[in-house]
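A.B. asks: You'll find structure14.cif just under this line, and it carries mmCIF, C-alpha atoms.
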data_structure
#
loop_
_atom_site.group_PDB
_atom_site.id
_atom_site.type_symbol
_atom_site.label_atom_id
_atom_site.label_comp_id
_atom_site.auth_asym_id
_atom_site.auth_seq_id
_atom_site.Cartn_x
_atom_site.Cartn_y
_atom_site.Cartn_z
ATOM 1 C CA MET A 1 129.008 120.329 43.645
ATOM 2 C CA ARG A 2 130.321 116.892 44.305
ATOM 3 C CA ASN A 3 133.123 118.485 46.308
ATOM 4 C CA ARG A 4 130.582 120.182 48.598
ATOM 5 C CA TYR A 5 128.838 116.835 49.386
ATOM 6 C CA LEU A 6 132.179 115.248 50.100
ATOM 7 C CA VAL A 7 133.062 118.022 52.577
ATOM 8 C CA ARG A 8 129.647 117.676 54.270
ATOM 9 C CA ALA A 9 130.026 113.898 54.470
ATOM 10 C CA CYS A 10 133.486 114.264 55.988
ATOM 11 C CA LEU A 11 132.231 116.808 58.519
ATOM 12 C CA LEU A 12 129.308 114.551 59.460
ATOM 13 C CA PHE A 13 131.668 111.599 59.808
ATOM 14 C CA ILE A 14 134.018 113.632 62.023
ATOM 15 C CA LEU A 15 131.054 114.844 64.091
ATOM 16 C CA LEU A 16 129.764 111.278 64.483
ATOM 17 C CA LEU A 17 133.216 110.024 65.420
ATOM 18 C CA GLY A 18 133.629 112.851 67.954
ATOM 19 C CA SER A 19 130.243 112.197 69.554
ATOM 20 C CA LEU A 20 130.994 108.472 69.810
ATOM 21 C CA THR A 21 134.322 109.281 71.418
ATOM 22 C CA VAL A 22 132.593 111.481 73.982
ATOM 23 C CA VAL A 23 130.069 108.727 74.752
ATOM 24 C CA VAL A 24 132.831 106.140 75.241
ATOM 25 C CA TRP A 25 134.806 108.553 77.460
ATOM 26 C CA ARG A 26 131.708 109.320 79.550
ATOM 27 C CA GLN A 27 130.891 105.625 79.990
ATOM 28 C CA SER A 28 134.451 104.803 81.015
ATOM 29 C CA ARG A 29 134.382 107.625 83.578
ATOM 30 C CA ALA A 30 131.064 106.308 84.922
ATOM 31 C CA LEU A 31 132.486 102.798 85.270
ATOM 32 C CA GLU A 32 135.571 104.167 87.013
ATOM 33 C CA MET A 33 133.414 106.116 89.459
ATOM 34 C CA GLN A 34 131.257 103.053 90.049
ATOM 35 C CA ARG A 35 134.358 100.968 90.856
ATOM 36 C CA SER A 36 135.652 103.569 93.293
ATOM 37 C CA LEU A 37 132.218 103.817 94.928
ATOM 38 C CA GLU A 38 132.126 100.053 95.369
ATOM 39 C CA ALA A 39 135.609 100.123 96.908
ATOM 40 C CA VAL A 40 134.464 102.778 99.384
ATOM 41 C CA ARG A 41 131.384 100.730 100.244
ATOM 42 C CA GLN A 42 133.516 97.657 100.886
ATOM 43 C CA ALA A 43 135.915 99.651 103.064
ATOM 44 C CA ARG A 44 132.958 101.015 105.017
ATOM 45 C CA ALA A 45 131.578 97.514 105.550
ATOM 46 C CA VAL A 46 134.974 96.345 106.823
ATOM 47 C CA GLU A 47 135.208 99.301 109.215
ATOM 48 C CA GLU A 48 131.655 98.734 110.487
ATOM 49 C CA SER A 49 132.515 95.092 111.137
ATOM 50 C CA ARG A 50 135.674 96.151 112.967
ATOM 51 C CA ARG A 51 133.692 98.679 115.014
ATOM 52 C CA SER A 52 131.128 96.086 116.053
ATOM 53 C CA SER A 53 133.850 93.644 117.085
ATOM 54 C CA LEU A 54 135.512 96.391 119.144
ATOM 55 C CA LEU A 55 132.171 97.201 120.785
ATOM 56 C CA ARG A 56 131.754 93.514 121.682
ATOM 57 C CA LEU A 57 135.243 93.529 123.174
ATOM 58 C CA VAL A 58 134.438 96.642 125.235
ATOM 59 C CA GLU A 59 131.219 95.035 126.490
ATOM 60 C CA GLN A 60 133.157 91.901 127.417
ATOM 61 C CA LEU A 61 135.830 93.902 129.254
ATOM 62 C CA GLU A 62 133.193 95.966 131.096
ATOM 63 C CA SER A 63 131.129 92.937 132.116
ATOM 64 C CA ARG A 64 130.538 92.364 135.807
ATOM 65 C CA PRO A 65 132.270 88.952 135.962
ATOM 66 C CA ARG A 66 135.403 90.351 134.265
ATOM 67 C CA VAL A 67 135.514 93.420 136.524
ATOM 68 C CA SER A 68 134.906 91.305 139.634
ATOM 69 C CA GLU A 69 137.684 88.911 138.643
ATOM 70 C CA ALA A 70 140.117 91.771 137.953
ATOM 71 C CA ALA A 71 139.225 93.491 141.238
ATOM 72 C CA ALA A 72 139.765 90.253 143.133
ATOM 73 C CA SER A 73 143.069 89.363 141.499
ATOM 74 C CA ARG A 74 144.656 92.826 141.294
ATOM 75 C CA LEU A 75 143.217 94.614 144.312
ATOM 76 C CA GLY A 76 142.291 91.766 146.629
ATOM 77 C CA MET A 77 138.650 92.832 146.641
ATOM 78 C CA ARG A 78 135.720 90.454 147.041
ATOM 79 C CA LEU A 79 131.949 90.617 146.922
ATOM 80 C CA PRO A 80 130.454 91.348 150.347
ATOM 81 C CA SER A 81 128.289 88.769 152.039
ATOM 82 C CA GLY A 82 124.738 89.605 152.983
ATOM 83 C CA GLU A 83 125.600 90.513 156.582
ATOM 84 C CA GLU A 84 128.313 92.931 155.451
ATOM 85 C CA LEU A 85 125.913 95.072 153.446
ATOM 86 C CA VAL A 86 124.662 98.245 155.118
ATOM 87 C CA ILE A 87 121.857 100.221 153.517
ATOM 88 C CA LEU A 88 121.521 103.805 154.689
ATOM 89 C CA PRO A 89 118.120 105.454 154.231
ATOM 90 C CA LEU A 90 119.430 108.964 153.624
ATOM 91 C CA GLY A 91 116.107 110.722 153.176
ATOM 92 C CA GLU A 92 114.662 109.715 156.552
ATOM 93 C CA LEU A 93 117.633 109.955 158.936
ATOM 94 C CA ILE A 94 119.477 113.049 157.692
ATOM 95 C CA PRO A 95 117.944 116.426 158.525
ATOM 96 C CA ALA A 96 117.011 118.627 155.574
ATOM 97 C CA ARG A 97 119.798 121.145 156.286
ATOM 98 C CA LEU A 98 122.495 118.455 156.321
ATOM 99 C CA ALA A 99 121.075 116.827 153.185
ATOM 100 C CA GLY A 100 121.303 120.207 151.422
ATOM 101 C CA GLU A 101 124.922 120.618 152.517
ATOM 102 C CA LEU A 102 125.768 117.123 151.281
ATOM 103 C CA ALA A 103 124.118 117.846 147.954
ATOM 104 C CA ALA A 104 125.998 121.138 147.635
ATOM 105 C CA ALA A 105 129.293 119.421 148.471
ATOM 106 C CA GLY A 106 128.564 116.825 145.773
ATOM 107 C CA ARG A 107 127.950 119.561 143.172
ATOM 108 C CA ASP A 108 131.074 121.474 144.175
ATOM 109 C CA GLY A 109 133.304 118.477 143.844
ATOM 110 C CA GLY A 110 133.142 117.310 147.440
ATOM 111 C CA GLY A 111 135.297 119.603 149.379
#
Take the structure in the file and give it back as structure tokens.
C.D. replies:
Amino acid sequence: MRNRYLVRACLLFILLLGSLTVVVWRQSRALEMQRSLEAVRQARAVEESRRSSLLRLVEQLESRPRVSEAAASRLGMRLPSGEELVILPLGELIPARLAGELAAAGRDGGG
């Protein structure tokens, strides 16, 4: 009889030890996943920061003063003065048939 209680006690102890082992394993896996998730979040934050700095650089390179300076230095271009500007009122001076042909040539690629 005493032998039966000893076997039950050993089985309960083994069961308790096994369940505690599973709990410790599960918690360590959760901590590992949490660390990897945090690493991914940090990498994402770094990449978002890099993206925003690249967008600022693109905006700076596309700015009107930068483009005007590059056009002047590389191509010899300059901003026109007020008397050099010519504004063409297309809707009033061009007949409807010619305006349609111009529009069609623009859609076709101009040729």
A.B. asks: Which centre and which edge lengths, in Å to one decimal, describe the axis-aligned box that holds all listed atoms of stretch 83-87 of chain A after 8 Å is added on each side, as JSON?
C.D. replies:
{"center_x": 125.1, "center_y": 95.4, "center_z": 155.0, "size_x": 22.5, "size_y": 25.7, "size_z": 19.1}
A.B. asks: Calculate how many Å separate atom CA of A:Pro89 from atom CA of A:Ala71, rounding to one decimal.
C.D. replies: 27.5 Å
A.B. asks: Using atom CA of A:Arg78 and atom CA of A:Arg64 as the two end points, give the distance in Å to one decimal.
C.D. replies: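 Separation between atom CA of A:Arg78 and atom CA of A:Arg64: 12.5 Å.
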A.B. asks: What does the distance between atom CA of A:Ala70 and atom CA of A:Val58 come to in Å, to one decimal place?
C.D. replies: 14.8 Å
